[in-house]
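Peer 1: Got a file for you: upload-v3.cif, mmCIF, C-alpha atoms.
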```cif
data_start
loop_
_atom_site.label_atom_id
_atom_site.label_comp_id
_atom_site.auth_asym_id
_atom_site.auth_seq_id
_atom_site.Cartn_x
_atom_site.Cartn_y
_atom_site.Cartn_z
CA MET A 171 42.05 146.18 94.56
CA CYS A 172 45.79 146.38 95.18
CA LEU A 173 45.25 145.18 98.74
CA PHE A 174 43.26 142.18 97.47
CA ILE A 175 46.06 141.25 95.05
CA LEU A 176 48.67 141.57 97.78
CA ASN A 177 46.66 139.35 100.11
CA LYS A 178 46.27 136.76 97.36
CA LEU A 179 49.97 136.79 96.59
CA SER A 180 50.75 136.51 100.27
CA ARG A 181 48.47 133.46 100.51
CA TYR A 182 50.25 131.82 97.56
CA LYS A 183 53.56 132.59 99.20
CA TYR A 184 52.56 130.72 102.36
CA ILE A 185 51.21 127.81 100.32
CA LEU A 186 54.49 127.70 98.38
CA ILE A 187 56.46 127.69 101.65
CA ILE A 188 54.35 124.81 102.99
CA VAL A 189 54.82 122.84 99.74
CA VAL A 190 58.60 123.40 99.88
CA ILE A 191 58.68 122.23 103.53
CA VAL A 192 56.68 119.09 102.72
CA ILE A 193 58.82 118.24 99.68
CA SER A 194 62.01 118.90 101.65
CA SER A 195 60.77 116.64 104.43
CA ILE A 196 60.03 113.82 101.97
CA ILE A 197 63.42 114.21 100.28
CA THR A 198 65.20 114.31 103.65
CA ARG A 199 63.42 111.14 104.75
CA GLN A 200 64.35 109.41 101.50
CA ILE A 201 68.00 110.46 101.90
CA MET A 202 67.99 109.22 105.49
CA ASN A 203 66.57 105.88 104.37
CA LEU A 204 69.24 105.67 101.71
CA LEU A 205 72.10 106.57 104.03
CA SER A 206 70.87 104.80 107.17
CA PRO A 207 71.44 101.05 107.12
CA ASP A 208 68.63 99.01 108.65
CA LEU A 209 70.10 96.99 111.53
CA ILE A 210 68.20 93.79 110.79
CA GLU A 211 69.23 94.01 107.15
CA LEU A 212 72.80 94.92 108.08
CA THR A 213 73.32 92.03 110.49
CA GLU A 214 71.79 89.43 108.15
CA LEU A 215 70.70 87.36 111.14
CA SER A 216 68.59 85.23 108.83
CA LYS A 217 71.86 83.74 107.52
CA CYS A 218 72.74 82.24 110.91
CA PRO A 219 74.20 79.83 111.83
CA ALA A 220 76.29 80.46 108.69
CA CYS A 221 77.34 83.70 110.33
CA TYR A 222 79.90 84.99 112.84
CA GLY A 223 77.92 84.49 116.06
CA THR A 224 75.16 86.15 118.07
CA CYS A 225 76.72 87.12 121.40
CA ALA A 226 76.76 90.86 120.56
CA CYS A 227 73.18 91.15 119.32
CA ALA A 228 72.00 92.48 122.68
CA LYS A 229 74.50 95.35 122.31
CA ILE A 230 73.49 96.17 118.73
CA PHE A 231 69.76 96.15 119.42
CA SER A 232 70.03 98.09 122.68
CA ASN A 233 69.09 101.73 123.13
CA ASN A 234 72.74 102.55 123.84
CA PHE A 235 73.85 101.58 120.35
CA LYS A 236 73.92 104.12 117.54
CA ILE A 237 75.34 104.15 114.03
CA ASP A 238 76.90 107.43 112.93
CA PHE A 239 74.91 107.74 109.71
CA PHE A 240 76.62 110.94 108.64
CA ASN A 241 80.16 109.66 109.13
CA PHE A 242 81.79 109.89 105.69
CA TYR A 243 83.09 106.33 105.79
CA THR A 244 79.73 104.95 106.96
CA MET A 245 77.94 106.67 104.07
CA LEU A 246 80.59 105.44 101.63
CA SER A 247 80.22 101.86 102.86
CA HIS A 248 76.44 101.93 102.77
CA LEU A 249 76.15 103.54 99.35
CA PHE A 250 78.96 101.73 97.58
CA ALA A 251 79.75 98.75 99.85
CA ALA A 252 83.36 99.97 99.71
CA LYS A 253 84.63 98.00 102.69
CA ASN A 254 81.41 97.30 104.57
CA VAL A 255 82.77 99.19 107.57
CA PHE A 256 80.40 101.31 109.67
CA TYR A 257 81.09 103.67 112.56
CA GLY A 258 78.97 104.11 115.65
CA SER A 259 78.94 104.08 119.44
CA ILE A 260 77.80 102.05 122.42
CA GLY A 261 77.08 104.68 125.04
CA LYS A 262 80.17 106.87 125.08
CA THR A 263 82.44 104.24 123.50
CA LYS A 264 83.19 104.67 119.80
CA VAL A 265 82.97 101.41 117.88
CA VAL A 266 83.44 100.05 114.38
CA LEU A 267 81.06 97.57 112.76
CA LYS A 268 82.55 95.28 110.14
CA LYS A 269 80.93 92.82 107.80
CA LEU A 270 84.44 91.42 107.21
CA ALA A 271 83.98 91.10 103.44
CA HIS A 272 82.66 92.82 100.36
CA ASP A 273 79.07 92.07 99.36
CA TYR A 274 80.18 90.01 96.37
CA GLU A 275 82.40 87.86 98.61
CA LEU A 276 79.52 87.16 100.98
CA LYS A 277 77.33 86.29 97.99
CA LEU A 278 79.95 83.84 96.72
CA PHE A 279 80.01 82.20 100.15
CA ASP A 280 76.20 81.89 100.17
CA ASN A 281 76.23 80.38 96.70
CA MET A 282 78.85 77.88 97.80
CA ILE A 283 76.87 76.57 100.78
CA CYS A 284 73.64 76.44 98.77
CA GLU A 285 75.27 74.46 95.97
CA ASN A 286 77.03 71.99 98.28
CA GLU A 287 74.68 69.12 99.06
CA ASN A 288 76.37 68.58 102.43
CA LEU A 289 75.80 72.18 103.49
CA THR A 290 72.32 72.95 102.17
CA HIS A 291 70.97 72.98 105.75
CA LEU A 292 72.84 76.31 106.07
CA CYS A 293 71.31 77.76 102.91
CA VAL A 294 68.81 80.53 103.69
CA ASN A 295 66.89 79.87 100.46
CA LYS A 296 66.23 76.32 101.57
CA ASN A 297 65.85 76.95 105.27
CA ASN A 298 63.23 79.63 105.77
CA ASN A 299 62.60 78.87 109.40
CA ASN A 300 65.27 81.26 110.66
CA ASN A 301 64.03 84.14 112.77
CA ASN A 302 65.92 87.44 112.54
CA ASN A 303 65.13 88.27 116.15
CA ASN A 304 65.99 84.86 117.56
CA TYR A 305 69.54 85.69 118.57
CA ASN A 306 69.49 84.17 122.04
CA ASN A 307 69.37 80.57 120.82
CA ASN A 308 72.98 80.40 119.66
CA ASN A 309 73.74 77.37 121.81
CA ASN A 310 70.93 75.24 120.39
CA ASP A 311 71.63 72.85 117.53
CA ILE A 312 69.63 74.03 114.52
CA ASP A 313 68.57 70.61 113.22
CA SER A 314 69.60 67.01 112.84
CA ASP A 315 71.48 67.77 109.60
CA VAL A 316 74.02 69.81 111.57
CA ASN A 317 74.83 66.85 113.75
CA LYS A 318 75.80 64.87 110.67
CA ILE A 319 78.54 67.35 109.75
CA ASP A 320 81.88 67.27 111.54
CA TYR A 321 82.64 71.00 111.46
CA LEU A 322 85.83 70.56 113.46
CA SER A 323 87.18 68.42 110.60
CA LEU A 324 86.04 71.04 108.10
CA ILE A 325 87.88 73.69 110.10
CA LYS A 326 90.99 71.54 110.20
CA SER A 327 90.90 71.03 106.43
CA GLU A 328 90.56 74.78 105.85
CA VAL A 329 93.52 75.81 107.99
CA SER A 330 95.73 73.07 106.62
CA LEU A 331 95.17 73.99 102.96
CA ASN A 332 98.19 74.36 100.73
CA ILE A 333 99.70 77.41 102.43
CA ASN A 334 100.58 78.97 99.10
CA ASN A 335 96.90 78.87 98.13
CA ALA A 336 95.56 82.42 97.84
CA ASN A 337 92.27 81.29 99.40
CA ALA A 338 93.93 80.24 102.66
CA LYS A 339 93.34 83.19 105.01
CA LEU A 340 94.24 81.45 108.26
CA VAL A 341 97.04 78.90 108.25
CA LEU A 342 98.10 76.68 111.15
CA CYS A 343 101.50 75.11 110.74
CA PRO A 344 103.62 73.06 110.65
CA ASN A 345 100.59 70.83 111.38
CA THR A 346 97.08 71.11 112.84
CA ASN A 347 97.61 68.92 115.90
CA HIS A 348 97.23 71.98 118.11
CA LEU A 349 93.95 73.17 116.58
CA GLU A 350 91.82 72.34 119.63
CA ASN A 351 94.22 74.26 121.90
CA LEU A 352 93.89 77.34 119.70
CA ILE A 353 90.11 77.08 119.69
CA ASN A 354 90.14 76.91 123.48
CA LEU A 355 92.30 80.05 123.56
CA SER A 356 89.69 81.90 121.53
CA GLN A 357 86.69 80.83 123.66
CA ASN A 358 85.74 80.79 127.32
CA TYR A 359 82.63 78.63 127.28
CA ILE A 360 81.50 75.11 126.38
CA PHE A 361 81.21 74.59 122.65
CA HIS A 362 77.99 73.67 120.86
CA ASN A 363 77.48 72.80 117.20
CA ASN A 364 76.60 76.34 116.18
CA ASP A 365 79.86 77.63 117.66
CA TYR A 366 81.85 75.37 115.33
CA ILE A 367 79.75 76.61 112.41
CA TYR A 368 80.56 80.20 113.40
CA LEU A 369 84.28 79.38 113.49
CA TRP A 370 84.14 77.61 110.14
CA THR A 371 82.27 80.55 108.58
CA LEU A 372 84.85 83.02 109.91
CA ILE A 373 87.73 80.94 108.61
CA LYS A 374 86.10 80.78 105.18
CA ILE A 375 85.28 84.50 105.04
CA ASN A 376 87.63 86.37 107.39
CA PRO A 377 89.27 84.95 110.55
CA GLU A 378 90.01 88.36 112.10
CA PRO A 379 87.64 87.85 115.12
CA ILE A 380 89.35 84.55 115.93
CA ILE A 381 92.72 86.30 116.09
CA LEU A 382 91.28 89.14 118.17
CA LYS A 383 89.93 86.63 120.69
CA ILE A 384 93.32 84.90 120.93
CA LEU A 385 95.39 88.10 121.04
CA GLN A 386 93.22 90.08 123.42
CA ALA A 387 93.66 93.84 123.70
CA ASP A 388 92.86 93.66 127.41
CA LYS A 389 95.94 91.46 127.86
CA GLY A 390 98.29 93.99 126.30
CA TRP A 391 98.36 92.83 122.69
CA PRO A 392 98.53 95.70 120.13
CA VAL A 393 95.15 94.88 118.59
CA THR A 394 91.73 96.48 118.84
CA LYS A 395 89.23 95.35 121.48
CA TYR A 396 86.67 92.84 120.23
CA TYR A 397 83.09 93.05 121.53
CA GLY A 398 81.53 90.14 119.65
CA ALA A 399 79.38 89.31 116.65
CA CYS A 400 75.76 89.60 115.63
CA GLY A 401 74.90 87.73 112.47
CA ARG A 402 77.33 88.85 109.80
CA VAL A 403 78.54 91.91 111.65
CA VAL A 404 81.26 92.16 114.29
CA ILE A 405 81.82 95.00 116.75
CA GLU A 406 85.30 96.32 117.50
CA LYS A 407 86.46 99.32 119.46
CA TYR A 408 87.37 102.38 117.43
CA ALA A 409 91.11 102.73 118.08
CA GLY A 410 92.24 105.76 116.12
CA LEU A 411 93.23 107.17 112.74
CA PRO A 412 95.28 105.21 110.16
CA LEU A 413 99.06 105.25 110.25
CA THR A 414 99.05 107.01 106.87
CA VAL A 415 97.71 110.15 108.57
CA TYR A 416 100.93 110.39 110.60
CA TYR A 417 103.46 110.31 107.75
CA HIS A 418 103.97 114.08 107.95
CA GLU A 419 104.01 114.47 111.72
CA THR A 420 107.18 115.68 113.46
CA TRP A 421 110.06 113.28 113.12
CA LEU A 422 110.29 112.64 116.89
CA ARG A 423 106.61 111.75 117.04
CA ARG A 424 107.08 109.34 114.14
CA ALA A 425 110.09 107.86 115.92
CA LYS A 426 107.91 107.15 118.96
CA ILE A 427 105.33 105.41 116.77
CA ALA A 428 108.10 103.43 115.03
CA ILE A 429 109.27 102.12 118.41
CA GLY A 430 105.75 100.79 118.98
CA LEU A 431 105.76 99.11 115.57
CA LEU A 432 109.05 97.35 116.29
CA GLU A 433 107.81 96.29 119.73
CA SER A 434 104.72 94.84 118.06
CA ALA A 435 106.87 92.81 115.66
CA ASN A 436 108.66 91.37 118.67
CA MET A 437 105.43 90.61 120.55
CA PHE A 438 103.76 88.78 117.66
CA THR A 439 106.89 86.70 117.19
CA PHE A 440 108.01 85.94 120.76
CA ARG A 441 105.45 86.90 123.43
CA ASN A 442 103.35 83.73 123.35
CA PRO A 443 105.49 80.76 124.43
CA GLU A 444 103.54 78.33 122.22
CA TYR A 445 102.70 80.28 119.07
CA SER A 446 104.06 82.95 116.74
CA PHE A 447 101.68 85.06 114.68
CA TYR A 448 102.93 86.19 111.28
CA PHE A 449 100.83 88.72 109.38
CA THR A 450 101.07 88.33 105.63
CA ASP A 451 99.12 91.42 104.48
CA LEU A 452 100.56 94.18 106.60
CA SER A 453 100.35 97.77 105.34
CA PRO A 454 99.98 101.28 106.82
CA ASP A 455 96.24 101.09 106.08
CA ASN A 456 95.92 98.11 108.43
CA ILE A 457 97.36 99.96 111.43
CA VAL A 458 95.84 102.82 113.42
CA ILE A 459 97.40 105.00 116.12
CA ASP A 460 95.69 105.41 119.48
CA GLU A 461 95.59 108.44 121.78
CA ASN A 462 98.95 107.43 123.29
CA ASP A 463 100.67 107.18 119.89
CA LYS A 464 100.68 103.38 120.17
CA PRO A 465 100.06 101.33 117.01
CA VAL A 466 96.96 99.14 116.95
CA PHE A 467 96.61 96.42 114.32
CA ILE A 468 93.06 96.37 112.98
CA ASP A 469 93.05 94.19 109.85
CA LEU A 470 94.07 90.66 110.77
CA GLU A 471 92.54 88.75 107.89
CA ASN A 472 95.67 86.98 106.64
CA VAL A 473 97.81 85.30 109.27
CA ILE A 474 100.07 82.31 109.74
CA ILE A 475 99.93 80.82 113.24
CA LEU A 476 103.01 78.74 113.86
CA HIS A 477 103.21 76.26 116.72
CA LYS A 478 106.75 76.55 118.07
CA ASN A 479 106.85 73.55 120.40
CA ILE A 480 106.28 70.52 118.19
CA SER A 481 107.73 67.08 118.80
CA ILE A 482 111.23 66.31 117.53
CA GLU A 483 109.92 63.76 115.02
CA ASP A 484 107.64 66.41 113.49
CA GLN A 485 110.36 69.01 113.12
CA PRO A 486 111.47 69.87 109.55
CA LYS A 487 115.18 69.70 108.82
CA GLU A 488 115.71 73.48 109.06
CA TRP A 489 113.45 73.86 112.11
CA ASN A 490 116.02 75.35 114.49
CA ASP A 491 117.57 77.72 111.93
CA LEU A 492 116.33 81.32 111.94
CA HIS A 493 114.18 81.93 108.87
CA THR A 494 114.74 85.13 106.91
CA SER A 495 112.01 86.50 104.65
CA ASP A 496 113.45 87.82 101.40
CA ASN A 497 112.30 89.61 98.28
CA ILE A 498 111.53 86.84 95.83
CA ASP A 499 111.99 87.62 92.13
CA CYS A 500 111.79 91.38 92.67
CA ASP A 501 113.66 94.33 94.16
CA ASN A 502 112.14 96.58 96.81
CA CYS A 503 108.88 94.65 96.81
CA PHE A 504 107.12 92.65 99.50
CA SER A 505 107.22 88.92 98.88
CA PHE A 506 107.88 85.84 100.99
CA SER A 507 107.48 82.08 101.18
CA PRO A 508 104.78 80.79 103.58
CA THR A 509 106.26 77.31 103.20
CA ASP A 510 109.64 78.52 104.45
CA ILE A 511 108.06 80.38 107.38
CA CYS A 512 106.28 77.20 108.43
CA SER A 513 109.47 75.16 108.19
CA HIS A 514 111.27 77.13 110.91
CA ARG A 515 110.60 77.61 114.61
CA ILE A 516 111.35 81.34 114.37
CA SER A 517 111.01 83.68 111.40
CA ASP A 518 111.94 87.34 111.09
CA HIS A 519 108.86 87.91 108.93
CA ASN A 520 107.14 90.41 111.25
CA TYR A 521 110.29 92.57 111.35
CA TYR A 522 110.49 92.24 107.57
CA SER A 523 106.87 93.45 107.27
CA ILE A 524 107.41 96.49 109.50
CA CYS A 525 110.80 97.55 108.15
CA GLN A 526 110.32 96.70 104.46
CA GLN A 527 106.70 97.80 104.14
CA ILE A 528 106.59 100.79 106.48
CA LEU A 529 109.93 102.17 107.68
CA LEU A 530 112.17 101.84 104.62
CA ASP A 531 112.55 104.66 102.10
CA LYS A 532 111.90 103.29 98.59
CA PRO A 533 112.60 104.82 95.17
CA LYS A 534 109.00 106.05 94.76
CA ASP A 535 107.77 106.06 98.35
CA ASN A 536 108.93 107.73 101.52
CA GLY A 537 109.29 105.42 104.48
CA PHE A 538 107.65 106.33 107.76
CA LEU A 539 110.98 107.61 109.16
CA HIS A 540 111.69 109.77 106.12
CA SER A 541 113.44 113.15 106.26
CA ILE A 542 115.69 112.44 109.24
CA PRO A 543 116.74 115.84 110.66
CA VAL A 544 120.39 116.68 110.01
CA TYR A 545 121.15 117.14 113.72
CA ILE A 546 119.86 113.62 114.41
CA PHE A 547 121.46 112.05 111.35
CA ASN A 548 124.89 113.47 112.27
CA ASN A 549 124.73 112.35 115.90
CA TYR A 550 123.29 108.86 115.39
CA LYS A 551 125.32 107.42 112.54
CA ASN A 552 123.83 103.93 112.90
CA LEU A 553 120.21 105.06 112.55
CA LYS A 554 119.90 104.92 108.75
CA VAL A 555 122.09 101.82 108.63
CA MET A 556 119.80 99.93 111.02
CA ILE A 557 116.67 100.94 109.11
CA ASP A 558 118.24 99.51 105.95
CA GLU A 559 119.56 96.42 107.76
CA CYS A 560 116.17 95.65 109.27
CA ALA A 561 114.55 95.86 105.83
CA LEU A 562 117.33 94.31 103.73
CA PRO A 563 120.11 92.72 105.81
CA GLN A 564 123.55 93.05 104.20
CA THR A 565 125.79 92.00 107.09
CA MET A 566 126.03 88.99 109.39
CA LYS A 567 123.61 90.67 111.80
CA SER A 568 120.11 89.18 111.69
CA ARG A 569 117.07 91.28 110.81
CA ILE A 570 115.70 90.74 114.32
CA GLU A 571 118.95 92.00 115.86
CA ALA A 572 118.92 95.00 113.51
CA GLY A 573 115.30 95.75 114.38
CA ASP A 574 115.97 95.56 118.11
CA GLU A 575 119.06 97.76 117.72
CA LEU A 576 117.01 100.27 115.69
CA LYS A 577 114.44 100.39 118.49
CA LYS A 578 117.18 101.12 121.06
CA ILE A 579 118.59 103.94 118.92
CA LEU A 580 115.13 105.51 118.57
CA GLN A 581 114.53 105.20 122.32
CA ARG A 582 117.87 106.87 123.01
CA ILE A 583 116.99 109.73 120.64
CA LEU A 584 113.67 110.36 122.40
CA ILE A 585 115.43 110.40 125.80
CA ASP A 586 118.17 112.73 124.59
CA PHE A 587 115.62 115.17 123.18
CA HIS A 588 113.25 114.83 126.17
CA TYR A 589 110.37 113.63 124.01
CA GLU A 590 107.67 111.66 125.84
#
```
Represent the supplied structure as structure tokens.
Peer 2:
Amino acid sequence: MCLFILNKLSRYKYILIIVVIVISSIITRQIMNLLSPDLIELTELSKCPACYGTCACAKIFSNNFKIDFFNFYTMLSHLFAAKNVFYGSIGKTKVVLKKLAHDYELKLFDNMICENENLTHLCVNKNNNNNNNNYNNNNNDIDSDVNKIDYLSLIKSEVSLNINNANAKLVLCPNTNHLENLINLSQNYIFHNNDYIYLWTLIKINPEPIILKILQADKGWPVTKYYGACGRVVIEKYAGLPLTVYYHETWLRRAKIAIGLLESANMFTFRNPEYSFYFTDLSPDNIVIDENDKPVFIDLENVIILHKNISIEDQPKEWNDLHTSDNIDCDNCFSFSPTDICSHRISDHNYYSICQQILLDKPKDNGFLHSIPVYIFNNYKNLKVMIDECALPQTMKSRIEAGDELKKILQRILIDFHYE
């Protein structure tokens, strides 16, 4: 009798184990479905050509591509649409997928094109002939309605908006006469109608890919490598951890990173003989540090592109005077005048962004070069002075001169202390 009862209990035990395994399997699958974004759904290819392009679709839908579903930031983005940033890999290369906007921003854009009678041919609700898998036809005009719209003129009107308008993400100044030259810089193939729609969409939502194609990482610019777009997703190389992670590293290591930041300010201002690139939303969160302790700029949504070589008759009165960005109506805050930047051939705005936003110690925030060791402070008397001068010039020296002098002091310190 006892043996019979034991056998029966044992049988129930095995049944219970099987039930637990089945339930666990179902729950695990549901969690995976919740955490794992579907690629077709993620790319929103059905929204094309009101998207960012299709040249990277072959990469995304290849066997070499994987999304890191259990990356904390990927899960956060998928569950809460925090920044719509996803992490993955193409083979052994780590990459970042960006939708370039919050879900509500993309919805506002869709509503706008569906409500505009001139753009309804781009509205998915009214154009159900799009095929999610048809990503190889990016060079074909979608229909005769597209040909009726001059998207180049639409692009020109967007980048020449009132530059103090909060909706203007990409600004070309002091005029848009050089727009075609910039477009050519960002492309290496013959344009078709859809390509202009892609550009217009990016300028309306987030022009970061345009900037990444102009300032190419492969040509030495301190930006992340851009692999292309697929629908409403772009692929960029994973470049490193945010600058904020490095605020408590050794002072000499932070000094090395600061040199890279100051060099970047110089590059964006002077390296291109035709254009200067001024970033108007620069913060430690928008910069990552690569394996060589070099800064990489990863969030390039808000930028002023200034054409430096305009005709004499087009030059504003103050054109040849150095522009200095200043705190407007506030102390120790970050403010500036886009109009003033665009009225001068050269601005110190990039130095202002680096020194004021990142390097300077503020009443409630430590700057990146905080806690200067006593032995360095005593031997390099000009160090703190140049940090302050670069952020808030008080002498006749320009901010650019102060920034360049600060970089030389930091380089000398690293040499003297044999830090590589």
Peer 1: Quick one: pull the distance between atom CA of Lys326 of chain A and atom CA of Trp489 of chain A, Å, one decimal.
Peer 2: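 Here the two named atoms are 22.7 Å from each other.
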Peer 1: What is the atom CA of Gly410 of chain A to atom CA of Leu529 of chain A distance in Å?
Peer 2: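 Interatomic distance, atom CA of Gly410 of chain A to atom CA of Leu529 of chain A: 19.9 Å.
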Peer 1: Of the candidates A:His418, A:Lys264, A:Lys389, A:His519, which shows the shortest atom-to-atom distance to Thr439 of chain A, using only C-alpha atoms?
Peer 2: A:His519
Peer 1: From (115.4, 108.3, 107.8), in the file's coordinates, out to 9 Å: which residues are reached, counting all atoms listed in the file? Answer as JSON, numbers by chain.
Peer 2: {"A": [529, 530, 531, 537, 538, 539, 540, 541, 542, 543, 547, 553, 554, 557]}
Peer 1: Export C-alpha atoms of the chosen residues as an mmCIF file, in the coordinates of the input?
Peer 2:
```cif
data_model
loop_
_atom_site.group_PDB
_atom_site.id
_atom_site.type_symbol
_atom_site.label_atom_id
_atom_site.label_comp_id
_atom_site.auth_asym_id
_atom_site.auth_seq_id
_atom_site.Cartn_x
_atom_site.Cartn_y
_atom_site.Cartn_z
ATOM 1 C CA LEU A 529 109.930 102.170 107.680
ATOM 2 C CA LEU A 530 112.170 101.840 104.620
ATOM 3 C CA ASP A 531 112.550 104.660 102.100
ATOM 4 C CA GLY A 537 109.290 105.420 104.480
ATOM 5 C CA PHE A 538 107.650 106.330 107.760
ATOM 6 C CA LEU A 539 110.980 107.610 109.160
ATOM 7 C CA HIS A 540 111.690 109.770 106.120
ATOM 8 C CA SER A 541 113.440 113.150 106.260
ATOM 9 C CA ILE A 542 115.690 112.440 109.240
ATOM 10 C CA PRO A 543 116.740 115.840 110.660
ATOM 11 C CA PHE A 547 121.460 112.050 111.350
ATOM 12 C CA LEU A 553 120.210 105.060 112.550
ATOM 13 C CA LYS A 554 119.900 104.920 108.750
ATOM 14 C CA ILE A 557 116.670 100.940 109.110
#
```
Peer 1: Please evaluate the PyMOL selection byres ((chain A and resi 570-573) around 10) against the displayed coordinates and give the resulting residues as a PDB file with C-alpha atoms, in the frame of the given file.
Peer 2:
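Output file selection.pdb is given in full below:
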```pdb
ATOM      1  CA  ILE A 429     109.270 102.120 118.410  1.00  0.00           C
ATOM      2  CA  LEU A 432     109.050  97.350 116.290  1.00  0.00           C
ATOM      3  CA  GLU A 433     107.810  96.290 119.730  1.00  0.00           C
ATOM      4  CA  ALA A 435     106.870  92.810 115.660  1.00  0.00           C
ATOM      5  CA  ASN A 436     108.660  91.370 118.670  1.00  0.00           C
ATOM      6  CA  LEU A 492     116.330  81.320 111.940  1.00  0.00           C
ATOM      7  CA  THR A 494     114.740  85.130 106.910  1.00  0.00           C
ATOM      8  CA  SER A 517     111.010  83.680 111.400  1.00  0.00           C
ATOM      9  CA  ASP A 518     111.940  87.340 111.090  1.00  0.00           C
ATOM     10  CA  HIS A 519     108.860  87.910 108.930  1.00  0.00           C
ATOM     11  CA  ASN A 520     107.140  90.410 111.250  1.00  0.00           C
ATOM     12  CA  TYR A 521     110.290  92.570 111.350  1.00  0.00           C
ATOM     13  CA  TYR A 522     110.490  92.240 107.570  1.00  0.00           C
ATOM     14  CA  ILE A 524     107.410  96.490 109.500  1.00  0.00           C
ATOM     15  CA  CYS A 525     110.800  97.550 108.150  1.00  0.00           C
ATOM     16  CA  VAL A 555     122.090 101.820 108.630  1.00  0.00           C
ATOM     17  CA  MET A 556     119.800  99.930 111.020  1.00  0.00           C
ATOM     18  CA  ILE A 557     116.670 100.940 109.110  1.00  0.00           C
ATOM     19  CA  ASP A 558     118.240  99.510 105.950  1.00  0.00           C
ATOM     20  CA  GLU A 559     119.560  96.420 107.760  1.00  0.00           C
ATOM     21  CA  CYS A 560     116.170  95.650 109.270  1.00  0.00           C
ATOM     22  CA  ALA A 561     114.550  95.860 105.830  1.00  0.00           C
ATOM     23  CA  LEU A 562     117.330  94.310 103.730  1.00  0.00           C
ATOM     24  CA  PRO A 563     120.110  92.720 105.810  1.00  0.00           C
ATOM     25  CA  THR A 565     125.790  92.000 107.090  1.00  0.00           C
ATOM     26  CA  LYS A 567     123.610  90.670 111.800  1.00  0.00           C
ATOM     27  CA  SER A 568     120.110  89.180 111.690  1.00  0.00           C
ATOM     28  CA  ARG A 569     117.070  91.280 110.810  1.00  0.00           C
ATOM     29  CA  ASP A 574     115.970  95.560 118.110  1.00  0.00           C
ATOM     30  CA  GLU A 575     119.060  97.760 117.720  1.00  0.00           C
ATOM     31  CA  LEU A 576     117.010 100.270 115.690  1.00  0.00           C
ATOM     32  CA  LYS A 577     114.440 100.390 118.490  1.00  0.00           C
ATOM     33  CA  LYS A 578     117.180 101.120 121.060  1.00  0.00           C
ATOM     34  CA  ILE A 579     118.590 103.940 118.920  1.00  0.00           C
TER      35      ILE A 579
END
```
Peer 1: Record the distance separating atom CA of Val294 of chain A and atom CA of Leu270 of chain A, expressed in Å with one decimal.
Peer 2: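 Answer for the atom CA of Val294 of chain A to atom CA of Leu270 of chain A separation: 19.4 Å.
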Peer 1: Near Pro219 of chain A, within 9 Å and counting only C-alpha atoms, which residues show up once chain neighbours fewer than 5 positions away are dropped, as a PyMOL selection string?
Peer 2: chain A and resi 224+292+308+312+364-365+367-368+371+401
Peer 1: Can you list, as a list in words, the residues that the PyMOL selection byres ((chain A and resi 210) around 10) selects here?
Peer 2: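 Applied to this file, the PyMOL selection byres ((chain A and resi 210) around 10) selects Pro207, Asp208, Leu209, Glu211, Leu212, Thr213, Glu214, Leu215, Ser216, Ile230, Phe231, Asn302, Asn303, Cys400 and Gly401 of chain A.
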Peer 1: Which is closest to Asp273 of chain A among A:Gln527, A:Asn456, A:Asn254, A:Asn536, if we use all atoms listed in the file?
Peer 2: A:Asn254
Peer 1: Nearest residue to Leu276 of chain A out of A:Val415, A:Leu322, A:Leu470, A:Ala220, using all atoms listed in the file?
Peer 2: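 Comparing A:Val415, A:Leu322, A:Leu470, A:Ala220 against Leu276 of chain A, the winner is A:Ala220.
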Peer 1: Segment 432-501 of chain A near segment 338-353 of chain A within 7 Å: what's each residue's closest atom pair and its distance in Å to one decimal, counting all atoms listed in the file, ordered by chain then ascending residue number, as JSON lines?
Peer 2:
```
{"residue": "A:Glu471", "atom": "CA", "partner": "A:Lys339", "partner_atom": "CA", "distance": 6.3}
{"residue": "A:Asn472", "atom": "CA", "partner": "A:Lys339", "partner_atom": "CA", "distance": 4.7}
{"residue": "A:Val473", "atom": "CA", "partner": "A:Leu340", "partner_atom": "CA", "distance": 5.3}
{"residue": "A:Ile474", "atom": "CA", "partner": "A:Val341", "partner_atom": "CA", "distance": 4.8}
{"residue": "A:Ile475", "atom": "CA", "partner": "A:Leu342", "partner_atom": "CA", "distance": 5.0}
{"residue": "A:Leu476", "atom": "CA", "partner": "A:Cys343", "partner_atom": "CA", "distance": 5.0}
{"residue": "A:His477", "atom": "CA", "partner": "A:Cys343", "partner_atom": "CA", "distance": 6.3}
```
Peer 1: Identify which of the residues A:Ile585, A:Leu385, A:Val403, A:Ile260 lies closest to Ala425 of chain A, counting only C-alpha atoms when measuring atom-to-atom distances.
Peer 2: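 So, comparing all the options, the nearest one is A:Ile585.
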Peer 1: Run the PyMOL selection byres ((chain A and resi 267) around 8) mentally over the shown coordinates, then write out the matched residues as an MDAnalysis selection string, using the chain letters and numbers from the document.
Peer 2: chainID A and resid 255:258 265:266 268:269 403:406
Peer 1: Pick out the residues sitting within 10 Å of Arg424 of chain A, and hand them over as a list in words; count all atoms listed in the file, and ignore anything fewer than 2 positions along from it in its own chain.
Peer 2: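 Non-adjacent residues within range: Leu413, Tyr416, Tyr417, His418, Glu419, Thr420, Trp421, Leu422, Lys426, Ile427, Ala428, Ile429, Gly430, Asp463, Phe538, Leu539, His540 and Leu580 of chain A.
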Peer 1: Pick from A:Leu355, A:Cys218, A:Val458, A:Ile319: nearest to Glu444 of chain A, with only C-alpha atoms counted?
Peer 2: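 The closest residue to Glu444 of chain A is A:Leu355.
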Peer 1: Can you tell me, as a ChimeraX atom specification, what residues are no more than 12 Å from Ala387 of chain A when counting all atoms listed in the file, ignoring any on the same chain fewer than 6 positions away?
Peer 2: /A:381,393-397,406-407,409,465-468
